[in-house]
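Enquirer: You'll find data.cif just under this line, and it carries mmCIF, N, CA and C atoms.
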data_start
loop_
_atom_site.label_atom_id
_atom_site.label_comp_id
_atom_site.auth_asym_id
_atom_site.auth_seq_id
_atom_site.Cartn_x
_atom_site.Cartn_y
_atom_site.Cartn_z
N ARG X 1 9.93 17.27 -9.33
CA ARG X 1 10.92 18.33 -9.42
C ARG X 1 10.95 18.89 -10.82
N GLY X 2 9.84 19.46 -11.24
CA GLY X 2 9.75 20.08 -12.54
C GLY X 2 9.45 19.13 -13.68
N GLY X 3 9.26 17.85 -13.38
CA GLY X 3 9.02 16.88 -14.44
C GLY X 3 7.61 16.33 -14.48
N GLN X 4 6.72 16.90 -13.68
CA GLN X 4 5.35 16.40 -13.65
C GLN X 4 4.74 16.51 -15.04
N ASP X 5 4.03 15.47 -15.43
CA ASP X 5 3.34 15.37 -16.72
C ASP X 5 4.29 15.23 -17.90
N ASP X 6 5.58 14.97 -17.66
CA ASP X 6 6.55 14.73 -18.73
C ASP X 6 6.90 13.25 -18.72
N PRO X 7 6.36 12.46 -19.66
CA PRO X 7 6.59 11.01 -19.64
C PRO X 7 8.06 10.62 -19.81
N ASN X 8 8.86 11.48 -20.39
CA ASN X 8 10.28 11.19 -20.56
C ASN X 8 11.07 11.28 -19.26
N ARG X 9 10.47 11.86 -18.21
CA ARG X 9 11.15 11.99 -16.92
C ARG X 9 10.57 11.04 -15.87
N LEU X 10 9.75 10.11 -16.32
CA LEU X 10 9.12 9.14 -15.42
C LEU X 10 10.17 8.21 -14.83
N ILE X 11 10.18 8.07 -13.51
CA ILE X 11 11.11 7.16 -12.84
C ILE X 11 10.50 5.76 -12.75
N PHE X 12 9.28 5.66 -12.21
CA PHE X 12 8.59 4.37 -12.16
C PHE X 12 7.10 4.60 -12.01
N GLN X 13 6.35 3.55 -12.32
CA GLN X 13 4.92 3.51 -12.04
C GLN X 13 4.66 2.27 -11.20
N ALA X 14 3.76 2.40 -10.24
CA ALA X 14 3.41 1.26 -9.38
C ALA X 14 1.90 1.13 -9.33
N VAL X 15 1.45 -0.10 -9.17
CA VAL X 15 0.02 -0.37 -9.09
C VAL X 15 -0.21 -1.48 -8.07
N ILE X 16 -1.28 -1.35 -7.31
CA ILE X 16 -1.76 -2.43 -6.44
C ILE X 16 -2.82 -3.15 -7.25
N SER X 17 -2.57 -4.42 -7.55
CA SER X 17 -3.46 -5.15 -8.45
C SER X 17 -4.43 -6.08 -7.75
N ASP X 18 -4.14 -6.46 -6.50
CA ASP X 18 -5.02 -7.38 -5.80
C ASP X 18 -4.86 -7.20 -4.30
N THR X 19 -5.94 -7.41 -3.57
CA THR X 19 -5.90 -7.35 -2.11
C THR X 19 -6.74 -8.49 -1.55
N THR X 20 -6.41 -8.88 -0.33
CA THR X 20 -7.20 -9.88 0.37
C THR X 20 -7.02 -9.65 1.86
N ARG X 21 -7.83 -10.32 2.68
CA ARG X 21 -7.73 -10.18 4.11
C ARG X 21 -8.26 -11.43 4.78
N THR X 22 -7.76 -11.69 5.99
CA THR X 22 -8.29 -12.74 6.84
C THR X 22 -8.58 -12.11 8.19
N CYS X 23 -9.65 -12.54 8.81
CA CYS X 23 -10.10 -11.92 10.05
C CYS X 23 -10.14 -12.97 11.16
N THR X 24 -9.75 -12.53 12.37
CA THR X 24 -9.91 -13.34 13.57
C THR X 24 -10.51 -12.45 14.64
N THR X 25 -11.19 -13.06 15.58
CA THR X 25 -11.79 -12.27 16.65
C THR X 25 -11.16 -12.64 17.98
N ASN X 26 -10.99 -11.62 18.80
CA ASN X 26 -10.51 -11.77 20.18
C ASN X 26 -11.58 -11.19 21.09
N GLU X 27 -11.34 -11.18 22.36
CA GLU X 27 -12.30 -10.61 23.31
C GLU X 27 -12.43 -9.11 23.07
N GLY X 28 -13.56 -8.68 22.55
CA GLY X 28 -13.85 -7.26 22.38
C GLY X 28 -13.24 -6.61 21.17
N SER X 29 -12.47 -7.33 20.38
CA SER X 29 -11.88 -6.72 19.18
C SER X 29 -11.69 -7.78 18.11
N GLY X 30 -11.31 -7.32 16.95
CA GLY X 30 -10.99 -8.21 15.85
C GLY X 30 -9.64 -7.83 15.28
N VAL X 31 -8.98 -8.78 14.66
CA VAL X 31 -7.69 -8.53 14.04
C VAL X 31 -7.78 -8.98 12.59
N VAL X 32 -7.31 -8.10 11.70
CA VAL X 32 -7.35 -8.38 10.27
C VAL X 32 -5.92 -8.43 9.75
N ASN X 33 -5.62 -9.45 8.96
CA ASN X 33 -4.36 -9.53 8.23
C ASN X 33 -4.66 -9.09 6.80
N VAL X 34 -4.13 -7.93 6.41
CA VAL X 34 -4.37 -7.37 5.09
C VAL X 34 -3.15 -7.67 4.21
N VAL X 35 -3.39 -8.17 3.00
CA VAL X 35 -2.31 -8.47 2.07
C VAL X 35 -2.62 -7.80 0.74
N ALA X 36 -1.60 -7.15 0.17
CA ALA X 36 -1.73 -6.50 -1.14
C ALA X 36 -0.64 -7.03 -2.07
N ALA X 37 -0.99 -7.17 -3.32
CA ALA X 37 -0.03 -7.56 -4.36
C ALA X 37 -0.04 -6.48 -5.42
N GLY X 38 1.12 -6.22 -5.99
CA GLY X 38 1.21 -5.21 -7.03
C GLY X 38 2.47 -5.38 -7.85
N ARG X 39 2.74 -4.36 -8.67
CA ARG X 39 3.93 -4.42 -9.50
C ARG X 39 4.46 -3.02 -9.77
N ILE X 40 5.73 -2.96 -10.08
CA ILE X 40 6.42 -1.72 -10.41
C ILE X 40 7.02 -1.88 -11.80
N VAL X 41 6.85 -0.85 -12.63
CA VAL X 41 7.47 -0.80 -13.95
C VAL X 41 8.31 0.46 -14.00
N LEU X 42 9.57 0.31 -14.39
CA LEU X 42 10.46 1.46 -14.47
C LEU X 42 10.16 2.29 -15.71
N GLY X 43 10.31 3.60 -15.58
CA GLY X 43 10.16 4.52 -16.70
C GLY X 43 11.52 4.84 -17.30
N PRO X 44 11.56 5.80 -18.25
CA PRO X 44 12.81 6.16 -18.92
C PRO X 44 13.91 6.62 -17.96
N LYS X 45 13.57 7.22 -16.85
CA LYS X 45 14.57 7.70 -15.89
C LYS X 45 14.79 6.73 -14.73
N GLY X 46 14.13 5.57 -14.78
CA GLY X 46 14.26 4.61 -13.70
C GLY X 46 15.54 3.81 -13.79
N ARG X 47 15.94 3.25 -12.63
CA ARG X 47 17.11 2.40 -12.59
C ARG X 47 16.88 1.32 -11.52
N THR X 48 17.64 0.27 -11.61
CA THR X 48 17.49 -0.82 -10.66
C THR X 48 17.90 -0.36 -9.26
N GLY X 49 17.41 -1.09 -8.28
CA GLY X 49 17.72 -0.77 -6.89
C GLY X 49 16.44 -0.72 -6.07
N ALA X 50 16.56 -0.18 -4.88
CA ALA X 50 15.42 -0.13 -3.95
C ALA X 50 14.48 1.02 -4.30
N VAL X 51 13.19 0.72 -4.30
CA VAL X 51 12.13 1.70 -4.48
C VAL X 51 11.26 1.65 -3.23
N THR X 52 10.97 2.80 -2.64
CA THR X 52 10.13 2.86 -1.45
C THR X 52 8.74 3.32 -1.84
N LEU X 53 7.75 2.49 -1.53
CA LEU X 53 6.35 2.80 -1.84
C LEU X 53 5.62 3.20 -0.56
N PRO X 54 4.99 4.39 -0.54
CA PRO X 54 4.21 4.79 0.63
C PRO X 54 2.79 4.21 0.54
N ILE X 55 2.54 3.14 1.29
CA ILE X 55 1.25 2.45 1.22
C ILE X 55 0.54 2.62 2.57
N ARG X 56 -0.71 3.06 2.51
CA ARG X 56 -1.50 3.27 3.73
C ARG X 56 -2.60 2.23 3.82
N VAL X 57 -2.76 1.68 5.03
CA VAL X 57 -3.85 0.75 5.35
C VAL X 57 -4.76 1.47 6.34
N VAL X 58 -6.06 1.52 6.03
CA VAL X 58 -7.03 2.22 6.87
C VAL X 58 -8.22 1.29 7.11
N ALA X 59 -8.69 1.25 8.35
CA ALA X 59 -9.93 0.55 8.69
C ALA X 59 -10.91 1.59 9.21
N MET X 60 -12.14 1.56 8.69
CA MET X 60 -13.15 2.55 9.07
C MET X 60 -14.46 1.84 9.40
N ARG X 61 -15.19 2.45 10.32
CA ARG X 61 -16.58 2.05 10.59
C ARG X 61 -17.38 3.33 10.37
N GLY X 62 -18.04 3.40 9.21
CA GLY X 62 -18.70 4.64 8.83
C GLY X 62 -17.66 5.71 8.60
N GLU X 63 -17.77 6.84 9.30
CA GLU X 63 -16.80 7.93 9.19
C GLU X 63 -15.69 7.82 10.23
N GLN X 64 -15.81 6.88 11.15
CA GLN X 64 -14.84 6.73 12.23
C GLN X 64 -13.64 5.92 11.78
N VAL X 65 -12.43 6.51 11.89
CA VAL X 65 -11.20 5.80 11.55
C VAL X 65 -10.80 4.96 12.75
N LEU X 66 -10.74 3.65 12.54
CA LEU X 66 -10.38 2.71 13.60
C LEU X 66 -8.89 2.39 13.59
N TYR X 67 -8.27 2.47 12.42
CA TYR X 67 -6.86 2.11 12.25
C TYR X 67 -6.35 2.84 11.02
N SER X 68 -5.16 3.38 11.11
CA SER X 68 -4.51 4.01 9.97
C SER X 68 -3.01 3.87 10.14
N GLN X 69 -2.38 3.23 9.17
CA GLN X 69 -0.94 2.99 9.27
C GLN X 69 -0.29 3.25 7.90
N LEU X 70 0.73 4.10 7.89
CA LEU X 70 1.52 4.33 6.69
C LEU X 70 2.71 3.39 6.73
N ILE X 71 2.84 2.57 5.70
CA ILE X 71 3.93 1.61 5.60
C ILE X 71 4.83 2.04 4.46
N ARG X 72 6.08 2.27 4.75
CA ARG X 72 7.07 2.59 3.71
C ARG X 72 7.68 1.26 3.28
N HIS X 73 7.07 0.71 2.22
CA HIS X 73 7.40 -0.64 1.76
C HIS X 73 8.51 -0.58 0.70
N GLN X 74 9.65 -1.22 0.99
CA GLN X 74 10.75 -1.22 0.04
C GLN X 74 10.65 -2.42 -0.89
N VAL X 75 10.85 -2.15 -2.17
CA VAL X 75 10.84 -3.19 -3.20
C VAL X 75 12.17 -3.09 -3.95
N ASN X 76 12.83 -4.23 -4.14
CA ASN X 76 14.08 -4.25 -4.89
C ASN X 76 13.76 -4.50 -6.36
N VAL X 77 14.05 -3.53 -7.21
CA VAL X 77 13.82 -3.64 -8.65
C VAL X 77 15.15 -4.06 -9.28
N ALA X 78 15.18 -5.28 -9.83
CA ALA X 78 16.42 -5.82 -10.37
C ALA X 78 16.44 -5.85 -11.89
N ASP X 79 15.30 -5.62 -12.52
CA ASP X 79 15.21 -5.75 -13.98
C ASP X 79 14.62 -4.48 -14.56
N THR X 80 15.28 -3.91 -15.54
CA THR X 80 14.78 -2.68 -16.17
C THR X 80 13.83 -2.95 -17.32
N SER X 81 13.71 -4.18 -17.76
CA SER X 81 12.93 -4.46 -18.96
C SER X 81 11.51 -4.95 -18.68
N GLY X 82 11.18 -5.27 -17.44
CA GLY X 82 9.85 -5.80 -17.16
C GLY X 82 9.31 -5.29 -15.84
N ALA X 83 8.23 -5.91 -15.41
CA ALA X 83 7.60 -5.51 -14.15
C ALA X 83 8.18 -6.31 -12.99
N THR X 84 8.31 -5.67 -11.85
CA THR X 84 8.74 -6.32 -10.62
C THR X 84 7.53 -6.43 -9.71
N GLN X 85 7.22 -7.65 -9.28
CA GLN X 85 6.07 -7.85 -8.40
C GLN X 85 6.47 -7.58 -6.95
N PHE X 86 5.47 -7.16 -6.16
CA PHE X 86 5.69 -6.99 -4.73
C PHE X 86 4.47 -7.45 -3.96
N PHE X 87 4.72 -7.82 -2.70
CA PHE X 87 3.66 -8.23 -1.79
C PHE X 87 3.85 -7.48 -0.48
N LEU X 88 2.78 -7.01 0.09
CA LEU X 88 2.80 -6.31 1.37
C LEU X 88 1.79 -6.98 2.29
N SER X 89 2.19 -7.22 3.53
CA SER X 89 1.29 -7.80 4.52
C SER X 89 1.30 -6.92 5.76
N ASP X 90 0.12 -6.59 6.26
CA ASP X 90 -0.03 -5.90 7.54
C ASP X 90 -0.92 -6.80 8.40
N PRO X 91 -0.30 -7.63 9.26
CA PRO X 91 -1.07 -8.62 10.01
C PRO X 91 -1.70 -8.10 11.30
N ASN X 92 -1.53 -6.82 11.59
CA ASN X 92 -1.95 -6.31 12.90
C ASN X 92 -2.98 -5.19 12.83
N VAL X 93 -3.95 -5.30 11.95
CA VAL X 93 -5.01 -4.30 11.86
C VAL X 93 -6.04 -4.64 12.94
N VAL X 94 -5.98 -3.91 14.05
CA VAL X 94 -6.86 -4.19 15.20
C VAL X 94 -8.13 -3.36 15.06
N ILE X 95 -9.28 -4.03 15.17
CA ILE X 95 -10.59 -3.40 15.06
C ILE X 95 -11.25 -3.42 16.44
N PRO X 96 -11.24 -2.28 17.17
CA PRO X 96 -11.90 -2.25 18.47
C PRO X 96 -13.41 -2.45 18.32
N GLY X 97 -14.00 -3.18 19.22
CA GLY X 97 -15.44 -3.41 19.17
C GLY X 97 -15.83 -4.56 18.28
N GLY X 98 -14.88 -5.21 17.65
CA GLY X 98 -15.17 -6.38 16.82
C GLY X 98 -15.40 -6.03 15.36
N ILE X 99 -15.44 -7.06 14.56
CA ILE X 99 -15.60 -6.92 13.11
C ILE X 99 -17.05 -7.22 12.74
N ASP X 100 -17.64 -6.31 11.96
CA ASP X 100 -18.98 -6.53 11.44
C ASP X 100 -19.04 -5.98 10.02
N ARG X 101 -20.19 -6.02 9.42
CA ARG X 101 -20.33 -5.59 8.02
C ARG X 101 -20.11 -4.10 7.81
N SER X 102 -20.12 -3.33 8.87
CA SER X 102 -19.94 -1.88 8.73
C SER X 102 -18.45 -1.49 8.65
N VAL X 103 -17.54 -2.43 8.89
CA VAL X 103 -16.11 -2.13 8.85
C VAL X 103 -15.62 -2.23 7.41
N GLN X 104 -14.92 -1.19 6.99
CA GLN X 104 -14.36 -1.15 5.64
C GLN X 104 -12.84 -1.02 5.75
N ILE X 105 -12.12 -1.85 4.99
CA ILE X 105 -10.66 -1.80 4.94
C ILE X 105 -10.26 -1.20 3.59
N VAL X 106 -9.39 -0.18 3.64
CA VAL X 106 -8.93 0.49 2.42
C VAL X 106 -7.40 0.42 2.41
N ILE X 107 -6.84 0.08 1.27
CA ILE X 107 -5.39 0.06 1.12
C ILE X 107 -5.03 0.74 -0.20
N GLY X 108 -4.03 1.60 -0.16
CA GLY X 108 -3.63 2.31 -1.37
C GLY X 108 -2.38 3.13 -1.14
N PHE X 109 -1.94 3.76 -2.19
CA PHE X 109 -0.76 4.63 -2.10
C PHE X 109 -1.15 5.92 -1.39
N ASP X 110 -0.31 6.36 -0.48
CA ASP X 110 -0.56 7.60 0.26
C ASP X 110 -0.04 8.76 -0.57
N GLU X 111 -0.93 9.60 -1.00
CA GLU X 111 -0.57 10.73 -1.86
C GLU X 111 -0.39 12.01 -1.06
N GLY X 112 -0.07 11.86 0.23
CA GLY X 112 0.12 13.00 1.10
C GLY X 112 1.32 13.83 0.71
N PRO X 113 1.58 14.89 1.48
CA PRO X 113 2.70 15.76 1.17
C PRO X 113 4.02 15.01 1.26
N GLY X 114 5.00 15.50 0.53
CA GLY X 114 6.33 14.89 0.54
C GLY X 114 7.00 15.12 1.88
N ARG X 115 8.27 14.88 1.91
CA ARG X 115 9.03 15.02 3.14
C ARG X 115 8.89 16.41 3.63
#
So, in terms of C-alpha cells, how does the structure I just supplied come out?
Expert:
Amino acid sequence: RGGQDDPNRLIFQAVISDTTRTCTTNEGSGVVNVVAAGRIVLGPKGRTGAVTLPIRVVAMRGEQVLYSQLIRHQVNVADTSGATQFFLSDPNVVIPGGIDRSVQIVIGFDEGPGR
C-alpha cells in the first residue's frame, strides 16, 4: 500500500529454511508428507500477533501438475526482538500413477495476486 521498497514500512520478512518429505505407496498412487520449516522476523512496522503466510505445495511430473494446494498457514508471533520459527506439514500430497524419479515437489510462498 504505497510502501514497497521502503524498509521503514516493512511489517515482516519470512523465509522457508528447510524442507523434507516422506513417501508411501498405495495401489496406483503415492502419498507424500511434505514438511517445511522457516522463520519470521518482524520489521519496523511489525507487531506481535497472528501472521498468515500463503504457502503453496505443488507436485509435478515434467510439465504436468499432479497436485497444487495453497495453505494459509497462521503463525503466532509473540516476540518483537527475534525470529519466530514455524513448521508446516501437508501430509496428503497424492501422486496419481505412483512416485518415481520424474516427480518433483515444490514448496514456497505464493506470490499470486492479493485478495
Enquirer: Rank X:Ile40, X:Ala59, X:Ala14, X:Val93 by their smallest atom-to-atom distance to X:Ile107, using only N, CA and C atoms, and report the top residue only.
Expert: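 Answer, going by the shortest atom-to-atom distance: X:Ala59.
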Enquirer: Pick out the closest residue to X:Gln64 from this set: X:Ile16, X:Val103, X:Leu10, X:Val41. Count only C-alpha atoms.
Expert: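 Ranking X:Ile16, X:Val103, X:Leu10, X:Val41 by distance to X:Gln64, first place goes to X:Val103.
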Enquirer: So which residues touch stretch 67-79 of chain X within 8 Å, counting all atoms listed in the file, skipping near sequence neighbours fewer than 5 positions away, as a count of residues only?
Expert: 27
Enquirer: With the file shown as input, list the residues that the PyMOL selection byres ((chain X and resi 90) around 7) selects, as a PyMOL selection string.
Expert: chain X and resi 32-36+88-89+91-93
Enquirer: I want to know what sits within 6.5 Å of X:Gly98, based on all atoms listed in the file, with residues of the same chain fewer than 5 positions away left out; could you give that as a list in words?
Expert: Gly28, Ser29 and Gly30 of chain X
Enquirer: Could you tell me, as JSON, numbers by chain, which residues of stretch 3-74 of chain X DSSP assigns to strand (DSSP E) when given the backbone?
Expert: {"X": [12, 13, 14, 15, 16, 17, 18, 19, 20, 21, 22, 23, 24, 25, 26, 29, 30, 31, 32, 33, 34, 35, 36, 37, 38, 39, 40, 41, 42, 49, 50, 51, 52, 53, 54, 55, 56, 57, 58, 59, 60, 61, 64, 65, 66, 67, 68, 69, 70, 71, 72, 73, 74]}
Enquirer: Report, in Å with one decimal, the straight-line distance from atom CA of X:Val106 to atom CA of X:Asn26.
Expert: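 Interatomic distance, atom CA of X:Val106 to atom CA of X:Asn26: 21.6 Å.
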Enquirer: If I take atom CA of X:Thr20 and atom N of X:Ile105, how far is one from the other in Å, to one decimal?
Expert: 10.5 Å
Enquirer: Choose the residue, out of X:Ser17, X:Gln104, X:Thr24, X:Asn8, that has the smallest atom-to-atom separation from X:Gly46; count all atoms listed in the file.
Expert: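 Among X:Ser17, X:Gln104, X:Thr24, X:Asn8, it is X:Asn8 that comes nearest to X:Gly46.
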Enquirer: Using only N, CA and C atoms, which of X:Gly43, X:Gly97, X:Gly108, X:Gly62 sits nearest X:Thr80?
Expert: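 Checking each candidate against X:Thr80, we get X:Gly43 as the closest.
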Enquirer: By how many Å are atom C of X:Gly2 and atom C of X:Gly38 apart?
Expert: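 Spanning atom C of X:Gly2 to atom C of X:Gly38 is a straight-line distance of 26.1 Å.
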Enquirer: Of the residues X:Ile99, X:Glu111, X:Val15, X:Arg39, which is the one nearest to X:Ala83, using only N, CA and C atoms?
Expert: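 When distances to X:Ala83 are compared using only N, CA and C atoms, the smallest one comes from X:Arg39.
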Enquirer: Can I get N, CA and C atoms for stretch 45-72 of chain X, as a PDB file, in the first residue's frame?
Expert:
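To be explicit, this is the file written out as decode-v8.pdb:
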ATOM      1  N   LYS X  45       7.498  -1.884  11.213  1.00  0.00           N
ATOM      2  CA  LYS X  45       6.046  -1.710  11.334  1.00  0.00           C
ATOM      3  C   LYS X  45       5.343  -2.965  11.850  1.00  0.00           C
ATOM      4  N   GLY X  46       6.116  -3.995  12.177  1.00  0.00           N
ATOM      5  CA  GLY X  46       5.523  -5.245  12.633  1.00  0.00           C
ATOM      6  C   GLY X  46       5.094  -5.182  14.085  1.00  0.00           C
ATOM      7  N   ARG X  47       4.162  -6.077  14.437  1.00  0.00           N
ATOM      8  CA  ARG X  47       3.712  -6.177  15.815  1.00  0.00           C
ATOM      9  C   ARG X  47       3.374  -7.644  16.098  1.00  0.00           C
ATOM     10  N   THR X  48       3.320  -7.969  17.357  1.00  0.00           N
ATOM     11  CA  THR X  48       3.024  -9.345  17.740  1.00  0.00           C
ATOM     12  C   THR X  48       1.587  -9.702  17.358  1.00  0.00           C
ATOM     13  N   GLY X  49       1.352 -10.993  17.251  1.00  0.00           N
ATOM     14  CA  GLY X  49       0.025 -11.480  16.891  1.00  0.00           C
ATOM     15  C   GLY X  49       0.126 -12.490  15.766  1.00  0.00           C
ATOM     16  N   ALA X  50      -1.008 -12.791  15.170  1.00  0.00           N
ATOM     17  CA  ALA X  50      -1.065 -13.798  14.106  1.00  0.00           C
ATOM     18  C   ALA X  50      -0.615 -13.221  12.770  1.00  0.00           C
ATOM     19  N   VAL X  51       0.227 -13.976  12.078  1.00  0.00           N
ATOM     20  CA  VAL X  51       0.676 -13.657  10.730  1.00  0.00           C
ATOM     21  C   VAL X  51       0.243 -14.820   9.839  1.00  0.00           C
ATOM     22  N   THR X  52      -0.387 -14.518   8.716  1.00  0.00           N
ATOM     23  CA  THR X  52      -0.815 -15.558   7.787  1.00  0.00           C
ATOM     24  C   THR X  52       0.142 -15.608   6.607  1.00  0.00           C
ATOM     25  N   LEU X  53       0.734 -16.777   6.394  1.00  0.00           N
ATOM     26  CA  LEU X  53       1.678 -16.983   5.298  1.00  0.00           C
ATOM     27  C   LEU X  53       1.007 -17.792   4.193  1.00  0.00           C
ATOM     28  N   PRO X  54       0.993 -17.282   2.947  1.00  0.00           N
ATOM     29  CA  PRO X  54       0.435 -18.051   1.836  1.00  0.00           C
ATOM     30  C   PRO X  54       1.501 -18.997   1.269  1.00  0.00           C
ATOM     31  N   ILE X  55       1.410 -20.271   1.621  1.00  0.00           N
ATOM     32  CA  ILE X  55       2.415 -21.251   1.205  1.00  0.00           C
ATOM     33  C   ILE X  55       1.754 -22.245   0.246  1.00  0.00           C
ATOM     34  N   ARG X  56       2.391 -22.454  -0.903  1.00  0.00           N
ATOM     35  CA  ARG X  56       1.853 -23.383  -1.906  1.00  0.00           C
ATOM     36  C   ARG X  56       2.750 -24.613  -1.994  1.00  0.00           C
ATOM     37  N   VAL X  57       2.091 -25.780  -2.044  1.00  0.00           N
ATOM     38  CA  VAL X  57       2.763 -27.061  -2.260  1.00  0.00           C
ATOM     39  C   VAL X  57       2.321 -27.564  -3.630  1.00  0.00           C
ATOM     40  N   VAL X  58       3.287 -27.901  -4.491  1.00  0.00           N
ATOM     41  CA  VAL X  58       2.997 -28.356  -5.847  1.00  0.00           C
ATOM     42  C   VAL X  58       3.791 -29.633  -6.110  1.00  0.00           C
ATOM     43  N   ALA X  59       3.135 -30.606  -6.733  1.00  0.00           N
ATOM     44  CA  ALA X  59       3.814 -31.814  -7.215  1.00  0.00           C
ATOM     45  C   ALA X  59       3.661 -31.845  -8.726  1.00  0.00           C
ATOM     46  N   MET X  60       4.778 -32.081  -9.425  1.00  0.00           N
ATOM     47  CA  MET X  60       4.770 -32.082 -10.887  1.00  0.00           C
ATOM     48  C   MET X  60       5.496 -33.315 -11.413  1.00  0.00           C
ATOM     49  N   ARG X  61       5.037 -33.773 -12.559  1.00  0.00           N
ATOM     50  CA  ARG X  61       5.753 -34.794 -13.329  1.00  0.00           C
ATOM     51  C   ARG X  61       5.997 -34.146 -14.682  1.00  0.00           C
ATOM     52  N   GLY X  62       7.228 -33.690 -14.891  1.00  0.00           N
ATOM     53  CA  GLY X  62       7.520 -32.907 -16.088  1.00  0.00           C
ATOM     54  C   GLY X  62       6.761 -31.595 -16.022  1.00  0.00           C
ATOM     55  N   GLU X  63       5.953 -31.303 -17.035  1.00  0.00           N
ATOM     56  CA  GLU X  63       5.136 -30.092 -17.069  1.00  0.00           C
ATOM     57  C   GLU X  63       3.744 -30.311 -16.487  1.00  0.00           C
ATOM     58  N   GLN X  64       3.407 -31.554 -16.182  1.00  0.00           N
ATOM     59  CA  GLN X  64       2.072 -31.883 -15.690  1.00  0.00           C
ATOM     60  C   GLN X  64       1.972 -31.643 -14.185  1.00  0.00           C
ATOM     61  N   VAL X  65       1.006 -30.797 -13.778  1.00  0.00           N
ATOM     62  CA  VAL X  65       0.767 -30.541 -12.361  1.00  0.00           C
ATOM     63  C   VAL X  65      -0.111 -31.661 -11.822  1.00  0.00           C
ATOM     64  N   LEU X  66       0.415 -32.393 -10.847  1.00  0.00           N
ATOM     65  CA  LEU X  66      -0.301 -33.504 -10.238  1.00  0.00           C
ATOM     66  C   LEU X  66      -1.062 -33.080  -8.989  1.00  0.00           C
ATOM     67  N   TYR X  67      -0.563 -32.051  -8.313  1.00  0.00           N
ATOM     68  CA  TYR X  67      -1.129 -31.592  -7.044  1.00  0.00           C
ATOM     69  C   TYR X  67      -0.722 -30.139  -6.858  1.00  0.00           C
ATOM     70  N   SER X  68      -1.645 -29.316  -6.428  1.00  0.00           N
ATOM     71  CA  SER X  68      -1.351 -27.924  -6.103  1.00  0.00           C
ATOM     72  C   SER X  68      -2.304 -27.487  -5.007  1.00  0.00           C
ATOM     73  N   GLN X  69      -1.741 -27.059  -3.893  1.00  0.00           N
ATOM     74  CA  GLN X  69      -2.569 -26.660  -2.753  1.00  0.00           C
ATOM     75  C   GLN X  69      -1.989 -25.390  -2.123  1.00  0.00           C
ATOM     76  N   LEU X  70      -2.834 -24.374  -1.991  1.00  0.00           N
ATOM     77  CA  LEU X  70      -2.450 -23.150  -1.283  1.00  0.00           C
ATOM     78  C   LEU X  70      -2.878 -23.308   0.165  1.00  0.00           C
ATOM     79  N   ILE X  71      -1.926 -23.174   1.071  1.00  0.00           N
ATOM     80  CA  ILE X  71      -2.190 -23.301   2.502  1.00  0.00           C
ATOM     81  C   ILE X  71      -1.974 -21.932   3.129  1.00  0.00           C
ATOM     82  N   ARG X  72      -2.987 -21.417   3.767  1.00  0.00           N
ATOM     83  CA  ARG X  72      -2.869 -20.157   4.505  1.00  0.00           C
ATOM     84  C   ARG X  72      -2.486 -20.532   5.932  1.00  0.00           C
TER      85      ARG X  72
END
